[in-house]
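> This is work.pdb, which holds PDB, C-alpha atoms, pLDDT in the B column:
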ATOM      1  CA  MET A  25    -114.322  26.601 142.065  1.00 82.00           C
ATOM      2  CA  ILE A  26    -110.918  25.528 140.736  1.00 83.00           C
ATOM      3  CA  THR A  27    -109.159  26.809 143.852  1.00 79.00           C
ATOM      4  CA  SER A  28    -111.586  24.894 146.068  1.00 83.00           C
ATOM      5  CA  MET A  29    -110.944  21.761 144.022  1.00 87.00           C
ATOM      6  CA  ILE A  30    -107.170  22.122 144.419  1.00 85.00           C
ATOM      7  CA  VAL A  31    -107.496  22.733 148.170  1.00 81.00           C
ATOM      8  CA  GLY A  32    -109.733  19.662 148.477  1.00 86.00           C
ATOM      9  CA  LEU A  33    -107.189  17.529 146.633  1.00 89.00           C
ATOM     10  CA  ALA A  34    -104.395  18.862 148.848  1.00 84.00           C
ATOM     11  CA  GLY A  35    -106.469  18.007 151.923  1.00 83.00           C
ATOM     12  CA  GLY A  36    -107.014  14.488 150.611  1.00 87.00           C
ATOM     13  CA  VAL A  37    -103.288  14.000 150.068  1.00 89.00           C
ATOM     14  CA  PHE A  38    -102.570  15.439 153.510  1.00 83.00           C
ATOM     15  CA  TYR A  39    -105.055  13.044 155.109  1.00 85.00           C
ATOM     16  CA  HIS A  40    -103.510  10.137 153.240  1.00 87.00           C
ATOM     17  CA  GLN A  41    -100.067  11.046 154.612  1.00 86.00           C
ATOM     18  CA  VAL A  42    -101.045  11.910 158.202  1.00 84.00           C
ATOM     19  CA  GLY A  43    -104.119   9.744 158.759  1.00 85.00           C
ATOM     20  CA  ILE A  44    -106.151  12.300 160.722  1.00 81.00           C
ATOM     21  CA  ILE A  45    -107.518  15.782 160.114  1.00 77.00           C
ATOM     22  CA  THR A  46    -108.527  18.065 162.975  1.00 77.00           C
ATOM     23  CA  PRO A  47    -108.997  21.830 163.256  1.00 73.00           C
ATOM     24  CA  ASN A  48    -105.728  22.005 165.195  1.00 72.00           C
ATOM     25  CA  THR A  49    -103.817  20.490 162.289  1.00 67.00           C
ATOM     26  CA  MET A  50    -103.329  23.793 160.496  1.00 67.00           C
ATOM     27  CA  GLU A  51    -101.493  26.242 162.691  1.00 72.00           C
ATOM     28  CA  LEU A  52    -100.941  29.940 162.242  1.00 69.00           C
ATOM     29  CA  LEU A  53     -97.270  29.320 161.497  1.00 72.00           C
ATOM     30  CA  GLN A  54     -98.075  27.042 158.560  1.00 75.00           C
ATOM     31  CA  MET A  55    -100.599  29.471 157.119  1.00 76.00           C
ATOM     32  CA  SER A  56     -98.161  32.361 157.401  1.00 77.00           C
ATOM     33  CA  LEU A  57     -95.481  30.275 155.673  1.00 80.00           C
ATOM     34  CA  VAL A  58     -97.803  29.811 152.698  1.00 79.00           C
ATOM     35  CA  VAL A  59     -98.289  33.573 152.440  1.00 80.00           C
ATOM     36  CA  ALA A  60     -94.533  34.094 152.810  1.00 81.00           C
ATOM     37  CA  MET A  61     -93.882  31.663 149.968  1.00 81.00           C
ATOM     38  CA  ALA A  62     -96.108  33.697 147.664  1.00 80.00           C
ATOM     39  CA  VAL A  63     -94.551  36.989 148.773  1.00 82.00           C
ATOM     40  CA  ILE A  64     -90.985  35.790 148.241  1.00 81.00           C
ATOM     41  CA  GLY A  65     -91.730  34.310 144.843  1.00 79.00           C
ATOM     42  CA  GLY A  66     -93.793  37.219 143.619  1.00 77.00           C
ATOM     43  CA  MET A  67     -97.548  37.442 143.623  1.00 75.00           C
ATOM     44  CA  GLU A  68     -97.835  38.637 140.022  1.00 74.00           C
ATOM     45  CA  SER A  69     -96.822  35.306 138.546  1.00 71.00           C
ATOM     46  CA  LEU A  70     -98.073  31.803 139.277  1.00 77.00           C
ATOM     47  CA  PHE A  71     -94.704  30.375 138.275  1.00 77.00           C
ATOM     48  CA  GLY A  72     -92.926  32.853 140.564  1.00 76.00           C
ATOM     49  CA  ALA A  73     -95.145  31.932 143.509  1.00 79.00           C
ATOM     50  CA  ALA A  74     -94.500  28.215 142.928  1.00 82.00           C
ATOM     51  CA  LEU A  75     -90.773  28.868 142.651  1.00 83.00           C
ATOM     52  CA  GLY A  76     -90.989  30.940 145.838  1.00 83.00           C
ATOM     53  CA  ALA A  77     -92.539  27.970 147.631  1.00 85.00           C
ATOM     54  CA  ILE A  78     -89.668  25.727 146.589  1.00 88.00           C
ATOM     55  CA  VAL A  79     -86.966  28.257 147.446  1.00 85.00           C
ATOM     56  CA  SER A  80     -88.469  29.243 150.803  1.00 84.00           C
ATOM     57  CA  ARG A  81     -88.882  25.600 151.829  1.00 85.00           C
ATOM     58  CA  LEU A  82     -85.258  24.892 150.914  1.00 87.00           C
ATOM     59  CA  ALA A  83     -84.137  28.027 152.753  1.00 82.00           C
ATOM     60  CA  LEU A  84     -85.953  26.945 155.915  1.00 81.00           C
ATOM     61  CA  GLU A  85     -84.302  23.543 155.796  1.00 82.00           C
ATOM     62  CA  LEU A  86     -80.875  25.064 155.166  1.00 81.00           C
ATOM     63  CA  LEU A  87     -81.393  27.439 158.095  1.00 77.00           C
ATOM     64  CA  ARG A  88     -82.015  24.464 160.394  1.00 78.00           C
ATOM     65  CA  GLY A  89     -78.278  24.086 160.897  1.00 74.00           C
ATOM     66  CA  ILE A  90     -75.563  26.501 159.750  1.00 74.00           C
ATOM     67  CA  ASN A  91     -71.835  25.851 159.626  1.00 73.00           C
ATOM     68  CA  ILE A  92     -69.991  29.053 160.602  1.00 73.00           C
ATOM     69  CA  LEU A  93     -66.182  28.823 160.481  1.00 77.00           C
ATOM     70  CA  GLY A  94     -66.281  25.111 161.232  1.00 75.00           C
ATOM     71  CA  LEU A  95     -68.714  25.552 164.112  1.00 75.00           C
ATOM     72  CA  ASN A  96     -72.109  23.892 163.678  1.00 75.00           C
ATOM     73  CA  VAL A  97     -74.875  26.200 164.882  1.00 73.00           C
ATOM     74  CA  GLU A  98     -78.353  24.722 165.397  1.00 76.00           C
ATOM     75  CA  LEU A  99     -80.944  27.451 164.939  1.00 73.00           C
ATOM     76  CA  GLY A 100     -84.038  25.436 165.857  1.00 74.00           C
ATOM     77  CA  ALA A 101     -87.003  27.794 166.164  1.00 73.00           C
ATOM     78  CA  TRP A 102     -84.768  30.814 165.489  1.00 78.00           C
ATOM     79  CA  ARG A 103     -84.770  29.897 161.815  1.00 78.00           C
ATOM     80  CA  TYR A 104     -88.320  31.210 161.616  1.00 78.00           C
ATOM     81  CA  ALA A 105     -87.117  34.534 163.036  1.00 81.00           C
ATOM     82  CA  ALA A 106     -84.369  34.684 160.405  1.00 78.00           C
ATOM     83  CA  PHE A 107     -86.895  33.779 157.731  1.00 78.00           C
ATOM     84  CA  GLY A 108     -89.223  36.501 159.033  1.00 81.00           C
ATOM     85  CA  LEU A 109     -86.399  39.018 158.788  1.00 83.00           C
ATOM     86  CA  VAL A 110     -85.860  38.064 155.148  1.00 79.00           C
ATOM     87  CA  LEU A 111     -89.606  38.419 154.597  1.00 81.00           C
ATOM     88  CA  VAL A 112     -89.696  41.905 156.140  1.00 84.00           C
ATOM     89  CA  PHE A 113     -86.818  43.078 153.930  1.00 82.00           C
ATOM     90  CA  THR A 114     -88.510  41.524 150.910  1.00 79.00           C
ATOM     91  CA  LEU A 115     -91.725  43.411 151.609  1.00 80.00           C
ATOM     92  CA  ARG A 116     -89.798  46.640 152.177  1.00 83.00           C
ATOM     93  CA  PHE A 117     -87.341  46.605 149.274  1.00 82.00           C
ATOM     94  CA  ALA A 118     -88.710  44.138 146.686  1.00 77.00           C
ATOM     95  CA  GLN A 119     -92.486  44.474 146.649  1.00 72.00           C
ATOM     96  CA  ASN A 120     -92.856  42.056 143.713  1.00 76.00           C
ATOM     97  CA  GLY A 121     -90.849  39.376 145.508  1.00 77.00           C
ATOM     98  CA  LEU A 122     -87.240  38.276 145.383  1.00 77.00           C
ATOM     99  CA  LEU A 123     -87.712  35.870 142.500  1.00 76.00           C
ATOM    100  CA  TYR A 124     -90.027  37.962 140.318  1.00 73.00           C
ATOM    101  CA  PRO A 125     -87.199  39.839 138.517  1.00 74.00           C
ATOM    102  CA  ILE A 126     -85.669  36.497 137.551  1.00 74.00           C
ATOM    103  CA  VAL A 127     -88.995  35.126 136.321  1.00 71.00           C
ATOM    104  CA  GLU A 128     -89.674  38.359 134.435  1.00 73.00           C
ATOM    105  CA  ARG A 129     -86.279  38.314 132.758  1.00 73.00           C
ATOM    106  CA  LEU A 130     -86.540  34.664 131.740  1.00 74.00           C
ATOM    107  CA  PHE A 131     -90.172  34.426 130.683  1.00 70.00           C
ATOM    108  CA  LEU A 132     -92.278  37.563 130.764  1.00 65.00           C
ATOM    109  CA  ARG A 133     -90.037  40.107 129.037  1.00 66.00           C
ATOM    110  CA  ARG A 134     -89.954  38.098 125.797  1.00 65.00           C
ATOM    111  CA  ALA A 135     -93.735  37.821 125.814  1.00 63.00           C
ATOM    112  CA  ARG A 136     -94.126  41.573 126.336  1.00 64.00           C
ATOM    113  CA  GLN A 137     -91.649  42.372 123.564  1.00 65.00           C
ATOM    114  CA  ALA A 138     -93.492  40.062 121.172  1.00 64.00           C
ATOM    115  CA  THR A 139     -96.818  41.662 122.069  1.00 66.00           C
ATOM    116  CA  VAL A 140     -95.461  45.186 121.587  1.00 61.00           C
ATOM    117  CA  ALA A 141     -93.860  44.180 118.272  1.00 62.00           C
ATOM    118  CA  LYS A 142     -97.208  42.801 117.060  1.00 66.00           C
ATOM    119  CA  ARG A 143     -98.969  46.019 118.041  1.00 65.00           C
ATOM    120  CA  ILE A 144     -96.378  48.146 116.242  1.00 69.00           C
ATOM    121  CA  ASN A 145     -96.541  46.019 113.093  1.00 67.00           C
ATOM    122  CA  LYS A 146    -100.329  46.012 113.140  1.00 64.00           C
ATOM    123  CA  GLY A 147    -100.531  49.775 113.596  1.00 59.00           C
ATOM    124  CA  GLY A 148     -97.834  50.475 111.009  1.00 53.00           C
ATOM    125  CA  GLN A 149     -99.523  48.618 108.145  1.00 55.00           C
ATOM    126  CA  ASP A 150    -101.644  50.529 105.672  1.00 48.00           C
ATOM    127  CA  ASP A 151    -105.304  49.691 105.852  1.00 47.00           C
ATOM    128  CA  PRO A 152    -106.661  48.774 102.408  1.00 50.00           C
ATOM    129  CA  ALA A 153    -110.088  50.126 103.400  1.00 46.00           C
TER     130      ALA A 153
END
Please re-express this file's structure in structure tokens.


Amino acid sequence: MITSMIVGLAGGVFYHQVGIITPNTMELLQMSLVVAMAVIGGMESLFGAALGAIVSRLALELLRGINILGLNVELGAWRYAAFGLVLVFTLRFAQNGLLYPIVERLFLRRARQATVAKRINKGGQDDPA
């Protein structure tokens, strides 16, 4: 129900920006980019998936034009091929996403250590019963 509500709100914002909604509006490329954003960020963490969306969007815009040794190279549609290559290597070598280790190190490891410490302290205390 919450997911449907969020999708409905996103559709309303999209309509407000574009002015028309048709079945042809959402293409396969856009839907696959959404999945790629979640894969790159890491699907085990909501924060990682959101961060993956930001990073992948920035990466696509940076791949639009690359400066190689002073020569400007316009990639155009080839940037999606380069992005797909990064996605394939991510799925092969980093199944939890490229950004998940960073998110885990910054946020999740401390929470796990605190939880384990609480379990150890709780189990180590003498029960008065």

> Which one of A:Arg88, A:Arg129, A:Arg116, A:Arg81 sits closest to A:Ala60 if you count only C-alpha atoms?

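The closest residue to A:Ala60 is A:Arg81.
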
> Which of these, A:Tyr124, A:Gly100, A:Thr46, A:Val63, has the shortest distance to A:Ser80 once you count only C-alpha atoms?

A:Val63

> What is the atom CA of A:Gly108-atom CA of A:Val42 distance in Å, reported with one decimal?

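Those two atoms sit 27.3 Å apart.
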
> Counting only C-alpha atoms, figure out which residue out of A:Ile26, A:Val127, A:Leu99, A:Ala106 gets nearest to A:Ser69.

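So, comparing all the options, the nearest one is A:Val127.
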
> To one decimal place, how far is atom CA of A:Leu84 from atom CA of A:Phe117 in Å?

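Atom CA of A:Phe117 lies 20.8 Å from atom CA of A:Leu84.
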
> Distance atom CA of A:Leu115-atom CA of A:Ile64, one decimal place?

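Rounded to one decimal, the two atoms are 8.4 Å apart.
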
> Can you tell me which residues surround A:Ile78 at a distance of at most 12 Å, considering all atoms listed in the file, apart from same-chain residues fewer than 2 positions away, and format the answer as a PyMOL selection string?

chain A and resi 57-58+60-62+64-65+71-76+80-85+123

> Between A:Ala105, A:Val97, A:Val112, A:Leu122, which has the minimum distance to A:Ala77 (counting only C-alpha atoms)?

A:Leu122

> Using all atoms listed in the file, which of the listed residues (A:Asn91, A:Ala101, A:Met67, A:Gly35) sits closest to A:Asn120?

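Looking only at the distances to A:Asn120, the closest residue turns out to be A:Met67.
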
> Which one is closest to A:Val110: A:Met55, A:Met25, A:Leu87, A:Val31? Count only C-alpha atoms.

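The answer is A:Leu87, which sits nearest to A:Val110.
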
> Might I get the box with edges along x, y and z of the file that holds all atoms of stretch 65-73 of chain A listed there, padded by 6 Å on every side, given as centre and edge lengths in Å to one decimal, as AutoDock Vina command-line options?


--center_x -94.9 --center_y 34.5 --center_z 141.6 --size_x 18.3 --size_y 20.3 --size_z 18.6

> Regenerate stretch 100-111 of chain A at the level of N, CA and C atoms and dump it as a compact mmCIF listing (two decimals), in the frame of the given file.


# COMPACT_ATOMS: atom_id res chain seq x y z
N GLY A 100 -82.76 25.87 165.30
CA GLY A 100 -84.04 25.44 165.86
C GLY A 100 -85.17 26.36 165.46
N ALA A 101 -85.87 26.91 166.43
CA ALA A 101 -87.00 27.79 166.16
C ALA A 101 -86.54 29.17 165.70
N TRP A 102 -85.28 29.51 165.92
CA TRP A 102 -84.77 30.81 165.49
C TRP A 102 -84.72 30.94 163.97
N ARG A 103 -84.79 29.82 163.28
CA ARG A 103 -84.77 29.90 161.82
C ARG A 103 -86.00 30.60 161.29
N TYR A 104 -87.12 30.49 162.02
CA TYR A 104 -88.32 31.21 161.62
C TYR A 104 -88.14 32.72 161.82
N ALA A 105 -87.40 33.11 162.84
CA ALA A 105 -87.12 34.53 163.04
C ALA A 105 -86.23 35.06 161.91
N ALA A 106 -85.23 34.28 161.52
CA ALA A 106 -84.37 34.68 160.40
C ALA A 106 -85.17 34.74 159.11
N PHE A 107 -86.04 33.79 158.91
CA PHE A 107 -86.90 33.78 157.73
C PHE A 107 -87.84 34.98 157.74
N GLY A 108 -88.37 35.32 158.90
CA GLY A 108 -89.22 36.50 159.03
C GLY A 108 -88.48 37.78 158.72
N LEU A 109 -87.23 37.85 159.11
CA LEU A 109 -86.40 39.02 158.79
C LEU A 109 -86.21 39.16 157.28
N VAL A 110 -85.96 38.05 156.61
CA VAL A 110 -85.86 38.06 155.15
C VAL A 110 -87.19 38.50 154.54
N LEU A 111 -88.28 38.05 155.10
CA LEU A 111 -89.61 38.42 154.60
C LEU A 111 -89.87 39.91 154.76
